[in-house]
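A.B. asks: Below you will find the structure I want to go over with you.
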Number of protein chains: 4
Amino acid sequence: YGKNTIKFLRLHKEGKKHFVKEVEVCAHLRLTSPQEYLEGNNSLVIPTDTIKNIVLVLAKKNGIPSLEQFAIDICNHFMTTFCQVAYVKTYVQEVPWQRLHEDGVPHVHSFICVPDGIRFCEAEQCRNGPLIVFAGIKDLKLMKTTQSGFEGFYKNEHTTLPERHDRILCGELFCKWSYGECKDFDFDCIWKKIRECILEAFAGPPDCGEYSPSYQKTVNCIQMLVLSRVSQVQVIEVVLNNTFYNVVDMKNLGLTNDKEVLVPVEAPYGSCACTLGRK
Amino acid sequence: YGKNTIKFLRLHKEGKKHFVKEVEVCAHLRLTSPQEYLEGNNSLVIPTDTIKNIVLVLAKKNGIPSLEQFAIDICNHFMTTFCQVAYVKTYVQEVPWQRLHEDGVPHVHSFICVPDGIRFCEAEQCRNGPLIVFAGIKDLKLMKTTQSGFEGFYKNEHTTLPERHDRILCGELFCKWSYGECKDFDFDCIWKKIRECILEAFAGPPDCGEYSPSYQKTVNCIQMLVLSRVSQVQVIEVVLNNTFYNVVDMKNLGLTNDKEVLVPVEAPYGSCACTLGRK
Amino acid sequence: YGKNTIKFLRLHKEGKKHFVKEVEVCAHLRLTSPQEYLEGNNSLVIPTDTIKNIVLVLAKKNGIPSLEQFAIDICNHFMTTFCQVAYVKTYVQEVPWQRLHEDGVPHVHSFICVPDGIRFCEAEQCRNGPLIVFAGIKDLKLMKTTQSGFEGFYKNEHTTLPERHDRILCGELFCKWSYGECKDFDFDCIWKKIRECILEAFAGPPDCGEYSPSYQKTVNCIQMLVLSRVSQVQVIEVVLNNTFYNVVDMKNLGLTNDKEVLVPVEAPYGSCACTLGRK
Amino acid sequence: YGKNTIKFLRLHKEGKKHFVKEVEVCAHLRLTSPQEYLEGNNSLVIPTDTIKNIVLVLAKKNGIPSLEQFAIDICNHFMTTFCQVAYVKTYVQEVPWQRLHEDGVPHVHSFICVPDGIRFCEAEQCRNGPLIVFAGIKDLKLMKTTQSGFEGFYKNEHTTLPERHDRILCGELFCKWSYGECKDFDFDCIWKKIRECILEAFAGPPDCGEYSPSYQKTVNCIQMLVLSRVSQVQVIEVVLNNTFYNVVDMKNLGLTNDKEVLVPVEAPYGSCACTLGRK
């Protein structure tokens with residue numbers, strides 16, 4: 001197969017008001033015949049440069065109504081236009097530009113980049129198969145400074161970790177879900193709703209939080225809440241890359257450190273992941 | 001000289017409400033004698049490990065009232081405690097944790113990382129000299145989709161750039177300023193005010209913006225606004241790393257592209273910088 | 001499942017001569033029951049910290065005879081020791097320290113890091129299944145300044161790429177292969193042999209090279225040569241991340257540029273990949 | 001001032017044999033008048049695009065005989081051509097392509113990237129001032145597994161580091177030196193000689209090494225050897241970014257770890273630097 005990454009910016013104006021989407025599009029293609037690999041026969045090969053042109057022309061003609069719709073448009077174009085394409089997957093990722101506000105007033109054409117979780121989506125299709133759409137969020141860094149512990153785990157002669165009932169829970173979250181029969185979904189609205197579910201399940205109620213007995217259980221809580229609240233989601237995968245913090249031992253320095261000063265532990269670096277679907 | 005980077009998290013509780021600061025501290029020391037370099041005599045050398053302990057102990061004892069105050073505390077400690085230190089500079093940078101909100105309600109102990117400009121500061125002192133404090137913001141990515149041009153520049157036989165009166169202005173901003181006699185400044189409040197000045201000067205009025213004839217002039221506007229609004233700032237340096245965008249030529253593809261689809265130009269990559277002080 | 005990354009250095013001495021291996025080990029585990037996700041019951045969970053201890057203890061006891069043997073040892077340990085483990089995968093990657101030489105004389109204890117292709121391996125096993133070993137090389141950057149072209153490709157209205165019969169071929173190579181029944185293989189020796197095959201197939205004879213009609217065909221040549229020369233390899237995957245170079249058009253500057261000055265094209269960025277096995 | 005980065009590849013053929021230099025050039029300019037900042041008057045501004053064209057044209061016309069000569073050529077061009085330029089600094093950095101060899105035979109047109117220390121240089125000039133040339137090496141990672149200690153350092157109540165007489169010495173080296181009146185120097189030859197001095201001073205004799213009582217002393221040894229062997233060097237700056245390794249304490253795991261298994265300490269991360277000139 002071949003792969004291809006294109007970065008560009010799509011600007012759209014309504015009177016004096018500007019709308020901007022900067023995206024990175026990655027298109028994977030697999031052809032029906034591997035003759036270019038085996039024989040060096042290029043007659044079916046669609047050059048990287050042509051793929052770039054197609055993506056840019058589609059952006060120019062259709063705009064980017066949503067990341068998901070744009071990914072669908074690209075898949076459809078390749079399947080419809082090129083009979084030598086056996087499989088196409090399109091990944092679209094957004095640069096998180098947000099409109100600037102001055103004293104609460106939105107600016108007509110100025111933007112700031114706020115990378116607090118990157119939105120992405122995927123559309124994929126095999127010839128004669130259904131078009132499947134995924135969406136997700138990545139690089140979302142979250143922390144809970146209490147209401148987290150880790151106890152009752154398996155122990156043997158290699159165990160040195162003490163049990164803890166009040167530790168820091170910190171990590172970088174990756175979350176990707178698939179939509180079933182995705183007809184006229186409001187992808188932007190659903191995405192925002194899922195992001196809110198993730199934050200709510202991670203943090204718990206604002207006044208007291210909710211106790212997390214492990215990273216794994218927090219992963220599961222996020223999945224359960226999304227599946228219960230957002231009916232369009234069929235399957236949801238969550239990966240939590242853990243950052244561990246150790247309370248600094250200050251006994252040698254004559255001080256008692258009551259979880260006030262902590263250092264991040266760079267290695268071992270762990271992650272836990274789970275994929276959950278509907279019955 | 002020697003340099004030293006320490007990362008840690010300082011947690012502070014007021015009842016059920018938690019406050020978190022995660023920082024990276026870099027301490028530069030120069031000793032009065034270079035004997036450890038020339039003779040391998042280590043008797044005056046303060047090990048990296050000791051410096052780390054001192055920074056952590058100060059964080060434990062004093063907390064981090066503001067980045068600037070913490071940097072000042074560290075400088076003072078080294079100058080007061082070690083007579084072999086000829087010069088000390090402390091750089092403190094913040095991990096941009098923000099309190100999570102659910103339906104507008106702030107969470108007592110959950111945070112999200114929002115890197116839309118990183119706050120940092122520096123304090124430096126030579127023995128018998130004044131303690132000087134700097135503060136700044138870096139990695140602040142901004143974009144204006146109109147009200148920017150570049151015309152009337154110097155031309156010769158190597159010039160191929162066309163004049164433009166409606167281009168994209170996009171860049172990553174670095175801004176660092178020095179405070180004069182800094183006594184009882186409210187560093188947090190001043191920093192927020194300067195950040196607002198930067199955004200305002202970059203973007204112009206929300207309903208129409210302000211025309212920028214060059215990256216250089218925008219740099220100057222930012223400096224002028226900060227100096228006029230914030231009396232505590234003595235000198236201000238601004239560096240703007242430009243990202244250029246080219247309108248994609250779609251003539252060969254049979255389309256007219258009216259600044260709708262643009263691609264970022266990775267190289268040449270330019271930057272402009274200026275330092276401006278009061279008379 | 002859970003994942004876990006550990007970095008460490010294993011030092012081994014034979015008289016005055018030192019041998020060093022610095023590795024990054026990543027262990028993936030899947031347990032037989034997902035109860036820690038669903039119920040927050042940690043009784044079967046093997047903590048990250050315990051996994052780290054096991055890896056370090058194995059390195060201490062057995063050393064790292066080869067990356068592959070070390071990965072096998074780790075898999076075996078987890079399968080043998082923990083009946084709750086349903087699946088284990090171990091990835092081991094090497095920091096490319098090479099012994100320093102002075103005037104051709106090898107140094108007994110000094111090393112230099114030479115990252116011209118990173119060696120890695122994987123061992124994976126499902127309970128009651130066979131242990132499968134993979135090895136590979138990544139981040140290997142290669143360039144041919146001639147004997148490469150791209151012609152006869154598919155064309156339509158979105159095609160703007162001209163045909164070229166003398167372009168630069170440049171890319172970053174990823175190559176991963178699986179061993180079949182791997183008994184007493186000399187993994188170090190085989191790895192070196194495969195690396196040589198890759199370079200030979202990429203470059204062709206030293207006096208004249210060999211014409212490459214596409215990135216795809218070069219990928220296939222590498223696979224064919226490895227499969228024909230190294231009988232232990234069962235399946236081989238090659239991914240070539242292409243860097244394109246454009247000859248700078250200097251007509252406007254009054255010069256003819258006969259493929260002397262070229263600029264790398266950052267986007268579109270392409271890659272081609274293929275997996276090939278024995279019949 | 002303004003800054004500008006350009007990446008390109010210069011290809012040169014002698015019969016069937018190809019020579020390739022891929023470089024990143026960064027040009028800093030300061031103009032005699034700041035009118036473009038203060039007044040938005042662009043009439044003296046040399047656009048990024050023009051600077052790029054000049055660098056590419058010089059590479060086309062003169063080739064890149066050495067990095068240093070190319071940097072000198074660029075400085076001279078700007079000073080001679082533009083009377084509005086008050087100061088110019090040119091930084092040139094090389095992509096470390098090396099010719100491929102097959103069974104010891106050099107290949108006519110194939111190359112491999114071997115980043116074991118990156119070569120760079122700088123040339124700078126103020127109007128009416130001398131042209132000064134610097135050269136250097138960066139990202140050179142070196143390790144000694146013995147013959148290194150750290151003892152007799154300053155101690156107080158914040159000291160927790162034990163004295164060690166047999167530790168790992170590991171770091172990333174940056175080294176930059178200035179040439180005095182640089183007339184007809186063979187820059188390539190001198191650079192190679194200095195690289196050898198660095199390795200020799202770091203490692204000591206191949207059969208036994210040389211004891212290093214501190215990172216600082218090793219920095220000084222490198223400087224002293226270069227100054228004594230290479231008469232063209234006037235001043236030499238060395239920065240050593242230390243990577244510390246801790247011997248893993250395995251007592252709790254029932255094992256004695258005699259400096260066999262060590263883990264890198266990510267923070268505190270230290271560095272020591274020194275600049276040394278001739279009397």
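The chains in the structure tokens are called A, B, ... from first to last as shown; in each chain the residues are counted from 1, and the ligands are counted from 1 in the order shown.
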Wanna dump the chain A-chain B contacts at 6 Å for me, each residue with its shortest atom pair and the distance in Å to one decimal, counting only C-alpha atoms, ordered by chain and number, as JSON lines?
C.D. replies:
{"residue": "A:Phe8", "atom": "CA", "partner": "B:Val263", "partner_atom": "CA", "distance": 4.5}
{"residue": "A:Leu9", "atom": "CA", "partner": "B:Leu262", "partner_atom": "CA", "distance": 5.1}
{"residue": "A:Arg10", "atom": "CA", "partner": "B:Val261", "partner_atom": "CA", "distance": 4.8}
{"residue": "A:Leu11", "atom": "CA", "partner": "B:Glu260", "partner_atom": "CA", "distance": 4.8}
{"residue": "A:His107", "atom": "CA", "partner": "B:Pro206", "partner_atom": "CA", "distance": 4.0}
{"residue": "A:Val108", "atom": "CA", "partner": "B:Asp207", "partner_atom": "CA", "distance": 5.8}
{"residue": "A:His109", "atom": "CA", "partner": "B:Thr145", "partner_atom": "CA", "distance": 5.6}
{"residue": "A:Ser110", "atom": "CA", "partner": "B:Lys144", "partner_atom": "CA", "distance": 4.5}
{"residue": "A:Phe111", "atom": "CA", "partner": "B:Met143", "partner_atom": "CA", "distance": 5.1}
{"residue": "A:Ile112", "atom": "CA", "partner": "B:Leu142", "partner_atom": "CA", "distance": 4.6}
{"residue": "A:Cys113", "atom": "CA", "partner": "B:Lys141", "partner_atom": "CA", "distance": 5.3}
{"residue": "A:Val114", "atom": "CA", "partner": "B:Asp116", "partner_atom": "CA", "distance": 4.8}
{"residue": "A:Asp116", "atom": "CA", "partner": "B:Val114", "partner_atom": "CA", "distance": 4.8}
{"residue": "A:Lys141", "atom": "CA", "partner": "B:Cys113", "partner_atom": "CA", "distance": 5.3}
{"residue": "A:Leu142", "atom": "CA", "partner": "B:Ile112", "partner_atom": "CA", "distance": 4.6}
{"residue": "A:Met143", "atom": "CA", "partner": "B:Phe111", "partner_atom": "CA", "distance": 5.1}
{"residue": "A:Lys144", "atom": "CA", "partner": "B:Ser110", "partner_atom": "CA", "distance": 4.5}
{"residue": "A:Thr145", "atom": "CA", "partner": "B:His109", "partner_atom": "CA", "distance": 5.6}
{"residue": "A:Ala203", "atom": "CA", "partner": "B:Ser110", "partner_atom": "CA", "distance": 5.8}
{"residue": "A:Pro206", "atom": "CA", "partner": "B:His107", "partner_atom": "CA", "distance": 4.0}
{"residue": "A:Asp207", "atom": "CA", "partner": "B:Val108", "partner_atom": "CA", "distance": 5.8}
{"residue": "A:Glu260", "atom": "CA", "partner": "B:Leu11", "partner_atom": "CA", "distance": 4.8}
{"residue": "A:Val261", "atom": "CA", "partner": "B:Arg10", "partner_atom": "CA", "distance": 4.8}
{"residue": "A:Leu262", "atom": "CA", "partner": "B:Leu9", "partner_atom": "CA", "distance": 5.1}
{"residue": "A:Val263", "atom": "CA", "partner": "B:Phe8", "partner_atom": "CA", "distance": 4.5}
A.B. asks: Kindly save the residues from that selection, with C-alpha atoms included, as a PDB file, in the first residue's frame.
C.D. replies:
ATOM      1  CA  PHE A   8      -3.145  22.749   4.296  1.00  0.00           C
ATOM      2  CA  LEU A   9      -5.398  25.523   5.449  1.00  0.00           C
ATOM      3  CA  ARG A  10      -8.957  26.097   4.233  1.00  0.00           C
ATOM      4  CA  LEU A  11     -10.234  29.624   4.636  1.00  0.00           C
ATOM      5  CA  HIS A 107     -12.608  38.580  16.657  1.00  0.00           C
ATOM      6  CA  VAL A 108     -13.607  38.443  12.992  1.00  0.00           C
ATOM      7  CA  HIS A 109     -10.322  37.083  11.656  1.00  0.00           C
ATOM      8  CA  SER A 110      -7.819  36.337  14.447  1.00  0.00           C
ATOM      9  CA  PHE A 111      -7.106  32.936  15.945  1.00  0.00           C
ATOM     10  CA  ILE A 112      -5.012  31.302  18.655  1.00  0.00           C
ATOM     11  CA  CYS A 113      -3.773  27.732  18.718  1.00  0.00           C
ATOM     12  CA  VAL A 114      -5.042  25.875  21.814  1.00  0.00           C
ATOM     13  CA  ASP A 116      -5.886  20.862  24.707  1.00  0.00           C
ATOM     14  CA  LYS A 141      -3.546  15.642  29.209  1.00  0.00           C
ATOM     15  CA  LEU A 142      -5.510  15.327  32.436  1.00  0.00           C
ATOM     16  CA  MET A 143      -4.657  15.204  36.134  1.00  0.00           C
ATOM     17  CA  LYS A 144      -6.476  14.435  39.367  1.00  0.00           C
ATOM     18  CA  THR A 145      -4.547  15.381  42.478  1.00  0.00           C
ATOM     19  CA  ALA A 203     -12.936  13.952  37.068  1.00  0.00           C
ATOM     20  CA  PRO A 206     -16.925  19.015  40.666  1.00  0.00           C
ATOM     21  CA  ASP A 207     -17.419  19.297  44.416  1.00  0.00           C
ATOM     22  CA  GLU A 260       3.206  18.412  48.731  1.00  0.00           C
ATOM     23  CA  VAL A 261       6.270  17.996  46.494  1.00  0.00           C
ATOM     24  CA  LEU A 262       6.246  15.256  43.857  1.00  0.00           C
ATOM     25  CA  VAL A 263       8.498  14.385  40.939  1.00  0.00           C
TER      26      VAL A 263
END
A.B. asks: Write out as a list in words the residues lying within 8 Å of Leu240 in chain B, counting only C-alpha atoms and excluding same-chain residues fewer than 2 positions away.
C.D. replies: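 Counting only C-alpha atoms, the residues come to Gly171, Glu172, Leu173, Phe174, Tyr215, Val219, Val238, Asn242, Ser271, Cys272 and Ala273 of chain B.
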A.B. asks: Please identify all polymer residues within 8 Å of Cys126 in chain A, counting only C-alpha atoms, omitting same-chain residues fewer than 5 positions from it, and present them as a ChimeraX atom specification.
C.D. replies: /A:86-88,131
A.B. asks: Any chance you can output those residues with N, CA, C and O atoms as a JSON list (two decimals), in the first residue's frame?
C.D. replies:
[["chain", "number", "residue", "atom", "x", "y", "z"],
["A", 86, "ALA", "N", -8.35, -0.81, -4.35],
["A", 86, "ALA", "CA", -9.05, -1.90, -3.64],
["A", 86, "ALA", "C", -9.48, -1.46, -2.25],
["A", 86, "ALA", "O", -10.44, -1.99, -1.70],
["A", 87, "TYR", "N", -8.74, -0.51, -1.69],
["A", 87, "TYR", "CA", -8.99, -0.09, -0.31],
["A", 87, "TYR", "C", -8.50, 1.33, -0.13],
["A", 87, "TYR", "O", -7.46, 1.70, -0.67],
["A", 88, "VAL", "N", -9.27, 2.12, 0.60],
["A", 88, "VAL", "CA", -8.83, 3.48, 0.89],
["A", 88, "VAL", "C", -9.14, 3.82, 2.34],
["A", 88, "VAL", "O", -10.19, 3.43, 2.87],
["A", 131, "LEU", "N", -18.69, 1.97, 4.02],
["A", 131, "LEU", "CA", -17.79, 3.03, 4.44],
["A", 131, "LEU", "C", -17.95, 3.20, 5.96],
["A", 131, "LEU", "O", -19.05, 3.44, 6.45]]
A.B. asks: Of the candidates A:Ile194, A:Cys83, A:Val25, A:Ile137, which one gets nearest to Leu58 in chain A if we count only C-alpha atoms?
C.D. replies: A:Val25
A.B. asks: CA of Ile168 in chain D to CA of Ser148 in chain D: how many Å, to one decimal?
C.D. replies: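 Interatomic distance here is 6.5 Å.
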